[in-house]
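Text of the file run.cif, holding mmCIF, C-alpha atoms and all ligand atoms:
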```cif
data_run
loop_
_atom_site.label_atom_id
_atom_site.label_comp_id
_atom_site.auth_asym_id
_atom_site.auth_seq_id
_atom_site.Cartn_x
_atom_site.Cartn_y
_atom_site.Cartn_z
CA MET A 145 -23.47 11.97 50.89
CA ARG A 146 -26.45 14.18 50.08
CA VAL A 147 -28.18 14.06 46.72
CA ASP A 148 -31.25 16.30 46.43
CA LEU A 149 -33.36 16.90 43.37
CA LEU A 150 -33.40 20.71 43.28
CA GLU A 151 -35.49 21.36 40.18
CA HIS A 152 -36.97 19.54 37.21
CA THR A 153 -39.14 20.06 34.17
CA PRO A 154 -42.59 20.39 35.79
CA HIS A 155 -44.28 17.67 33.70
CA PRO A 156 -41.39 15.69 32.23
CA GLU A 157 -43.36 12.80 30.75
CA ARG A 158 -45.99 15.11 29.21
CA ALA A 159 -43.25 17.32 27.75
CA ILE A 160 -41.59 14.27 26.17
CA ALA A 161 -44.86 12.87 24.79
CA THR A 162 -45.75 16.29 23.35
CA ALA A 163 -42.37 16.57 21.65
CA ALA A 164 -42.71 13.06 20.22
CA ARG A 165 -46.28 13.62 18.97
CA ILE A 166 -45.58 17.01 17.36
CA CYS A 167 -43.71 15.15 14.61
CA TYR A 168 -46.95 13.83 13.12
CA ALA A 169 -49.81 15.80 14.74
CA PRO A 170 -51.92 18.28 12.76
CA ILE A 171 -52.30 20.48 15.89
CA GLY A 172 -49.80 22.64 17.81
CA ALA A 173 -47.63 21.66 20.75
CA GLU A 174 -49.54 23.70 23.31
CA GLU A 175 -52.83 22.02 22.39
CA LEU A 176 -51.13 18.63 22.41
CA PHE A 177 -49.62 19.33 25.82
CA GLU A 178 -53.04 20.21 27.27
CA SER A 179 -55.05 17.49 25.53
CA LEU A 180 -52.97 14.32 25.68
CA GLU A 181 -54.63 11.67 27.85
CA GLU A 182 -52.43 10.32 30.66
CA GLY A 183 -52.47 6.85 29.08
CA GLU A 184 -51.28 8.29 25.78
CA VAL A 185 -48.48 10.18 27.55
CA HIS A 186 -47.28 6.90 29.07
CA ARG A 187 -47.60 5.04 25.76
CA MET A 188 -45.54 7.67 23.94
CA VAL A 189 -42.84 7.74 26.62
CA ARG A 190 -42.53 3.93 26.50
CA LEU A 191 -42.45 4.08 22.71
CA VAL A 192 -39.58 6.59 22.44
CA VAL A 193 -37.53 4.99 25.23
CA GLY A 194 -38.16 1.45 23.96
CA SER A 195 -37.41 2.28 20.33
CA GLY A 196 -34.25 4.25 21.12
CA HIS A 197 -35.60 7.35 19.33
CA LEU A 198 -34.44 9.40 22.27
CA SER A 199 -34.32 12.98 20.98
CA ALA A 200 -37.77 13.71 22.52
CA VAL A 201 -36.41 12.57 25.91
CA GLU A 202 -34.01 15.52 25.86
CA HIS A 203 -36.91 17.90 26.59
CA ALA A 204 -37.00 16.89 30.28
CA SER A 205 -34.23 18.08 32.59
CA PHE A 206 -33.34 17.42 36.22
CA SER A 207 -31.07 19.46 38.52
CA PHE A 208 -29.40 17.96 41.57
CA ALA A 209 -27.65 19.44 44.59
CA ILE A 210 -24.85 17.03 45.51
CA GLU A 211 -22.75 17.29 48.68
CA GLY A 212 -20.50 15.08 50.74
CA ILE A 213 -18.80 13.38 47.81
CA SER A 214 -15.05 13.19 47.23
CA ARG A 215 -13.15 14.84 44.43
CA VAL A 216 -12.56 11.28 43.15
CA CYS A 217 -16.30 11.00 42.62
CA SER A 218 -16.76 14.47 41.13
CA HIS A 219 -13.89 13.82 38.69
CA GLN A 220 -15.69 10.71 37.45
CA LEU A 221 -18.98 12.58 37.29
CA VAL A 222 -17.75 15.43 35.12
CA ARG A 223 -16.54 12.95 32.50
CA HIS A 224 -20.22 12.90 31.51
CA ARG A 225 -20.08 15.73 29.02
CA LEU A 226 -23.75 16.25 28.24
CA ALA A 227 -24.53 17.89 31.55
CA SER A 228 -24.11 21.28 33.23
CA TYR A 229 -21.99 21.62 36.36
CA ASN A 230 -21.09 24.21 38.96
CA GLN A 231 -18.74 23.06 41.71
CA GLN A 232 -17.51 24.67 44.91
CA SER A 233 -14.22 26.37 44.09
CA GLN A 234 -11.06 25.57 46.05
CA ARG A 235 -9.73 28.93 44.85
CA TYR A 236 -12.55 31.11 46.13
CA VAL A 237 -13.45 29.08 49.21
CA LYS A 238 -10.64 29.10 51.76
CA TYR A 239 -10.21 26.06 54.00
CA ASP A 240 -8.34 27.82 56.80
CA LYS A 241 -10.67 26.20 59.35
CA GLY A 242 -10.28 22.71 57.84
CA LEU A 243 -11.93 20.59 55.18
CA PRO A 244 -14.02 17.40 55.45
CA PHE A 245 -12.71 14.20 53.84
CA ILE A 246 -14.57 11.18 52.50
CA THR A 247 -13.37 7.86 53.94
CA PRO A 248 -13.93 4.78 51.72
CA PRO A 249 -15.77 1.98 53.60
CA SER A 250 -12.86 -0.41 52.94
CA ILE A 251 -10.56 1.95 54.87
CA GLU A 252 -13.18 2.70 57.52
CA ARG A 253 -13.35 -1.04 58.34
CA VAL A 254 -9.62 -1.47 59.05
CA PRO A 255 -8.62 0.52 62.16
CA GLU A 256 -4.92 0.73 61.24
CA ALA A 257 -5.69 1.88 57.69
CA LYS A 258 -8.26 4.36 58.98
CA ALA A 259 -5.79 5.87 61.46
CA LYS A 260 -3.14 6.34 58.75
CA PHE A 261 -5.71 7.76 56.32
CA GLU A 262 -7.02 10.25 58.88
CA LYS A 263 -3.48 11.28 59.82
CA LEU A 264 -2.60 12.04 56.20
CA CYS A 265 -5.83 14.06 55.77
CA GLN A 266 -5.17 16.03 58.96
CA ASP A 267 -1.51 16.58 57.97
CA SER A 268 -2.71 18.02 54.65
CA VAL A 269 -5.00 20.47 56.46
CA ASP A 270 -2.14 21.48 58.78
CA LEU A 271 0.24 21.98 55.84
CA TYR A 272 -2.43 23.97 53.95
CA GLN A 273 -2.70 26.32 56.93
CA GLU A 274 1.09 26.62 57.16
CA LEU A 275 1.33 27.45 53.46
CA ARG A 276 -1.45 30.02 53.78
CA GLU A 277 0.37 31.63 56.74
CA LEU A 278 3.47 31.81 54.53
CA GLY A 279 1.42 33.89 52.09
CA ILE A 280 0.61 31.14 49.57
CA GLU A 281 -2.71 31.76 47.78
CA ALA A 282 -5.51 29.24 48.34
CA GLU A 283 -5.38 28.30 44.63
CA ASP A 284 -1.84 26.93 45.14
CA ALA A 285 -2.05 25.75 48.77
CA ARG A 286 -4.90 23.44 47.74
CA PHE A 287 -2.48 21.35 45.66
CA ILE A 288 -1.59 19.35 48.76
CA PHE A 289 -5.15 18.11 49.46
CA PRO A 290 -5.89 14.42 48.79
CA HIS A 291 -8.56 13.27 46.29
CA ALA A 292 -10.61 12.39 49.38
CA SER A 293 -11.44 16.10 49.87
CA GLU A 294 -15.18 16.70 50.13
CA THR A 295 -16.87 18.75 47.41
CA LYS A 296 -20.29 20.21 46.62
CA LEU A 297 -21.85 20.83 43.23
CA VAL A 298 -25.01 21.46 41.25
CA MET A 299 -25.55 19.33 38.18
CA THR A 300 -28.25 19.41 35.52
CA MET A 301 -28.80 16.57 33.06
CA ASN A 302 -31.51 15.95 30.55
CA ALA A 303 -33.34 12.63 30.76
CA ARG A 304 -31.52 11.12 27.77
CA GLU A 305 -28.15 11.69 29.43
CA LEU A 306 -29.55 10.49 32.76
CA LEU A 307 -30.63 7.18 31.19
CA HIS A 308 -27.11 6.77 29.79
CA PHE A 309 -25.54 7.82 33.09
CA PHE A 310 -27.64 5.28 35.03
CA SER A 311 -26.64 2.54 32.56
CA LEU A 312 -22.97 3.12 33.32
CA ARG A 313 -22.96 4.30 36.91
CA CYS A 314 -25.63 2.12 38.55
CA CYS A 315 -23.68 -0.85 37.20
CA ASP A 316 -21.71 -2.98 39.64
CA ARG A 317 -18.57 -2.09 37.67
CA ALA A 318 -18.84 1.57 38.65
CA GLN A 319 -16.96 2.62 41.77
CA TRP A 320 -18.95 2.44 45.02
CA GLU A 321 -19.19 6.20 45.56
CA ILE A 322 -20.48 7.31 42.16
CA ARG A 323 -22.68 4.22 42.14
CA ALA A 324 -24.25 5.21 45.47
CA MET A 325 -24.75 8.72 44.08
CA ALA A 326 -26.34 7.43 40.86
CA MET A 327 -28.68 5.15 42.83
CA ARG A 328 -29.85 8.10 44.93
CA MET A 329 -30.46 10.13 41.77
CA LEU A 330 -32.35 7.25 40.14
CA LYS A 331 -34.65 6.79 43.14
CA GLN A 332 -35.54 10.49 43.11
CA VAL A 333 -36.25 10.82 39.39
CA GLN A 334 -38.32 7.62 39.45
CA LYS A 335 -40.70 9.34 41.87
CA ILE A 336 -41.16 12.26 39.44
CA ALA A 337 -41.23 10.31 36.17
CA PRO A 338 -41.96 6.65 36.97
CA VAL A 339 -42.70 5.58 33.40
CA LEU A 340 -39.72 7.36 31.88
CA PHE A 341 -37.31 5.74 34.34
CA GLU A 342 -39.13 2.42 34.91
CA ASN A 343 -36.35 0.43 33.22
CA ALA A 344 -33.48 2.77 34.05
CA GLY A 345 -30.37 1.34 35.66
CA PRO A 346 -27.45 -0.74 34.44
CA TYR A 347 -27.71 -2.36 31.01
CA CYS A 348 -28.52 -5.75 32.57
CA VAL A 349 -31.94 -4.43 33.64
CA ARG A 350 -32.89 -4.38 29.95
CA GLN A 351 -30.44 -6.50 27.99
CA PRO A 352 -27.52 -8.91 28.39
CA CYS A 353 -24.48 -7.37 30.09
CA PRO A 354 -22.18 -5.72 27.51
CA GLU A 355 -19.12 -5.78 29.81
CA GLY A 356 -17.63 -9.00 28.43
CA LYS A 357 -14.93 -10.39 30.72
CA PHE A 358 -15.78 -7.68 33.28
CA TYR A 359 -19.30 -9.11 33.71
CA CYS A 360 -19.89 -9.20 37.49
CA GLY A 361 -21.75 -12.51 37.25
CA LYS A 362 -24.66 -11.43 39.42
CA PRO A 363 -27.67 -9.94 37.70
CA TRP A 364 -28.36 -6.51 39.14
CA LYS A 365 -31.45 -6.17 41.26
CA LYS A 366 -33.25 -2.94 42.02
CA GLY A 367 -31.94 -1.56 45.34
CA ASN A 368 -28.65 -3.50 45.17
CA GLU A 369 -25.97 -1.06 46.31
CA ALA A 370 -22.98 -3.40 46.73
CA PRO A 371 -19.58 -1.77 46.12
CA GLY A 372 -18.46 -2.00 42.52
CA SER A 373 -15.09 -2.79 40.97
CA GLY A 374 -14.69 -0.17 38.25
CA SER A 375 -11.17 0.81 37.21
CA GLU A 376 -11.46 4.59 37.59
C1 LIG B 1 -16.78 1.35 35.11
C2 LIG B 1 -16.11 2.52 34.43
C3 LIG B 1 -14.73 2.56 34.39
C4 LIG B 1 -14.09 3.64 33.76
N1 LIG B 1 -12.73 3.66 33.73
C5 LIG B 1 -12.09 4.68 33.11
C6 LIG B 1 -10.67 4.74 33.03
O1 LIG B 1 -9.99 3.86 33.55
N2 LIG B 1 -10.09 5.80 32.41
C7 LIG B 1 -10.85 6.78 31.81
O2 LIG B 1 -10.27 7.72 31.23
N3 LIG B 1 -12.19 6.78 31.88
C8 LIG B 1 -12.83 5.76 32.49
N4 LIG B 1 -14.20 5.77 32.55
C9 LIG B 1 -14.95 6.92 32.02
C10 LIG B 1 -15.53 6.61 30.62
O3 LIG B 1 -14.50 6.32 29.70
C11 LIG B 1 -16.36 7.81 30.12
O4 LIG B 1 -15.53 8.95 29.99
C12 LIG B 1 -17.50 8.16 31.03
O5 LIG B 1 -18.18 7.02 31.47
C13 LIG B 1 -18.47 9.09 30.29
O6 LIG B 1 -19.25 8.30 29.41
P1 LIG B 1 -19.54 8.64 27.90
O7 LIG B 1 -18.31 9.15 27.24
O8 LIG B 1 -20.26 7.50 27.26
O9 LIG B 1 -20.69 9.64 27.99
P2 LIG B 1 -21.05 11.16 28.11
O10 LIG B 1 -19.94 12.10 28.16
O11 LIG B 1 -21.98 11.10 29.25
O12 LIG B 1 -21.80 11.36 26.73
C14 LIG B 1 -23.01 10.66 26.42
C15 LIG B 1 -22.94 10.12 25.01
O13 LIG B 1 -22.90 11.23 24.10
C16 LIG B 1 -22.09 10.87 22.99
N5 LIG B 1 -20.95 11.78 22.95
C17 LIG B 1 -20.55 12.64 23.92
N6 LIG B 1 -19.48 13.34 23.52
C18 LIG B 1 -19.18 12.89 22.27
C19 LIG B 1 -18.16 13.20 21.34
N7 LIG B 1 -17.22 14.10 21.59
N8 LIG B 1 -18.17 12.56 20.17
C20 LIG B 1 -19.11 11.64 19.88
N9 LIG B 1 -20.09 11.26 20.72
C21 LIG B 1 -20.12 11.91 21.91
C22 LIG B 1 -21.66 9.42 23.19
O14 LIG B 1 -22.61 8.57 22.57
C23 LIG B 1 -21.72 9.26 24.69
O15 LIG B 1 -21.89 7.92 25.10
C24 LIG B 1 -14.86 4.69 33.17
C25 LIG B 1 -16.25 4.64 33.23
C26 LIG B 1 -16.88 3.57 33.86
C27 LIG B 1 -18.39 3.55 33.91
#
```
Encoded form using structure tokens:
Amino acid sequence: MRVDLLEHTPHPERAIATAARICYAPIGAEELFESLEEGEVHRMVRLVVGSGHLSAVEHASFSFAIEGISRVCSHQLVRHRLASYNQQSQRYVKYDKGLPFITPPSIERVPEAKAKFEKLCQDSVDLYQELRELGIEAEDARFIFPHASETKLVMTMNARELLHFFSLRCCDRAQWEIRAMAMRMLKQVQKIAPVLFENAGPYCVRQPCPEGKFYCGKPWKKGNEAPGSGSE
């Protein structure tokens, strides 16, 4: 899996603090942006995130290049509606020379399961090629590929949606793949905006777990990337 931060708002925390302060400042946004002390920027960011008045947080955006994830993972990802996505097309990209597949660690660990999994993936590539040779368009031949098919995409989220996304997807309940992806995203945005994302992560970083009977029973710790048990 590759998760690279492609682009972001150049000064995300300053942009957020400026947006928050414009509400009650007698001066304009440009002057605010230039004049806010660093300490005041951090205070304002902590204030809006801590109070839940998150509209100002929407002024910072982050774009990621994501590769080497399965279509299982991308399907879960695009359920997050407040984001922008562009994904490699299985209509326009032809897989006549094959297609990579993502193997879950649980299958990787069991040689017999791994052999059967790899056979099915290879059979799907062989059948795809046969269908293509029979004149079937890529858009229909692709129907036989497993969910394990690798995909690539570009995704942009604003910081408000990212905080929400991290709450759900860094949680131990999320499936291992999207969780690993979310953890990589979190680590990268924390380097760019350490105050904004200082308490980002699953809900249990900030408050009691809201998952009720699905509570994993082990408080999440930063850097914990154990496989989850989500139902998706
Ligand atoms: C562990 C886990 C297991 C899951 N299992 C399943 C499953 O079995 N089946 C399944 O179908 N899905 C499942 N999901 C997906 C889940 O139901 C959500 O679709 C997904 O997490 C996106 O979250 P969201 O809807 O809160 O947020 P986003 O789409 O990221 O939106 C962010 C927030 O914006 C607001 N918002 C967005 N759109 C609207 C709207 N139309 N109206 C009002 N408010 C809106 C809401 O406050 C929302 O929380 C699972 C998710 C997780 C984390």
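Of note, CA of Arg223 in chain A and CA of Phe358 in chain A are spaced 20.7 Å apart.
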*What residues have any atom no more than 7 Å from ligand LIG 1 (chain B) when counting all atoms listed in the file, and can you list them as a ChimeraX atom specification?*
/A:220,223-226,305,308-309,312-313,317-319,374-376
*asked:* Could you list, as a PyMOL selection string, every residue within 8 Å of range 235-243 of chain A, counting all atoms listed in the file and ignoring same-chain residues fewer than 6 positions away?
replied: chain A and resi 269+272-273+276+282-283+286+293-294
Residues as selected, C-alpha atoms, written as a PDB file, keeping the file's coordinate frame, can you do that?
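And here's again.pdb as it stands now:
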```
ATOM      1  CA  VAL A 269      -5.000  20.470  56.460  1.00  0.00           C
ATOM      2  CA  TYR A 272      -2.430  23.970  53.950  1.00  0.00           C
ATOM      3  CA  GLN A 273      -2.700  26.320  56.930  1.00  0.00           C
ATOM      4  CA  ARG A 276      -1.450  30.020  53.780  1.00  0.00           C
ATOM      5  CA  ALA A 282      -5.510  29.240  48.340  1.00  0.00           C
ATOM      6  CA  GLU A 283      -5.380  28.300  44.630  1.00  0.00           C
ATOM      7  CA  ARG A 286      -4.900  23.440  47.740  1.00  0.00           C
ATOM      8  CA  SER A 293     -11.440  16.100  49.870  1.00  0.00           C
ATOM      9  CA  GLU A 294     -15.180  16.700  50.130  1.00  0.00           C
TER      10      GLU A 294
END
```
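CA of Val254 in chain A to CA of Ile322 in chain A spans 21.9 Å [interatomic distance, one decimal].
Reported to one decimal place, the separation of CA of Arg323 in chain A from CA of Met299 in chain A is 15.9 Å.
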*May I have the residues at most 12 Å from (-53.8, 17.0, 21.1) in the file's coordinates, counting only C-alpha atoms, as a ChimeraX atom specification?*
/A:158,161-166,168-182,184-185
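Shortest separation to Cys265 in chain A among A:Leu278, A:Leu221, A:Cys315, A:Ile288 occurs at residue A:Ile288, atoms counted being only C-alpha atoms.
Minimum distance to Asp148 in chain A across A:Lys260, A:Lys362, A:Arg350, A:Lys296 (counting all atoms listed in the file) occurs at A:Lys296.
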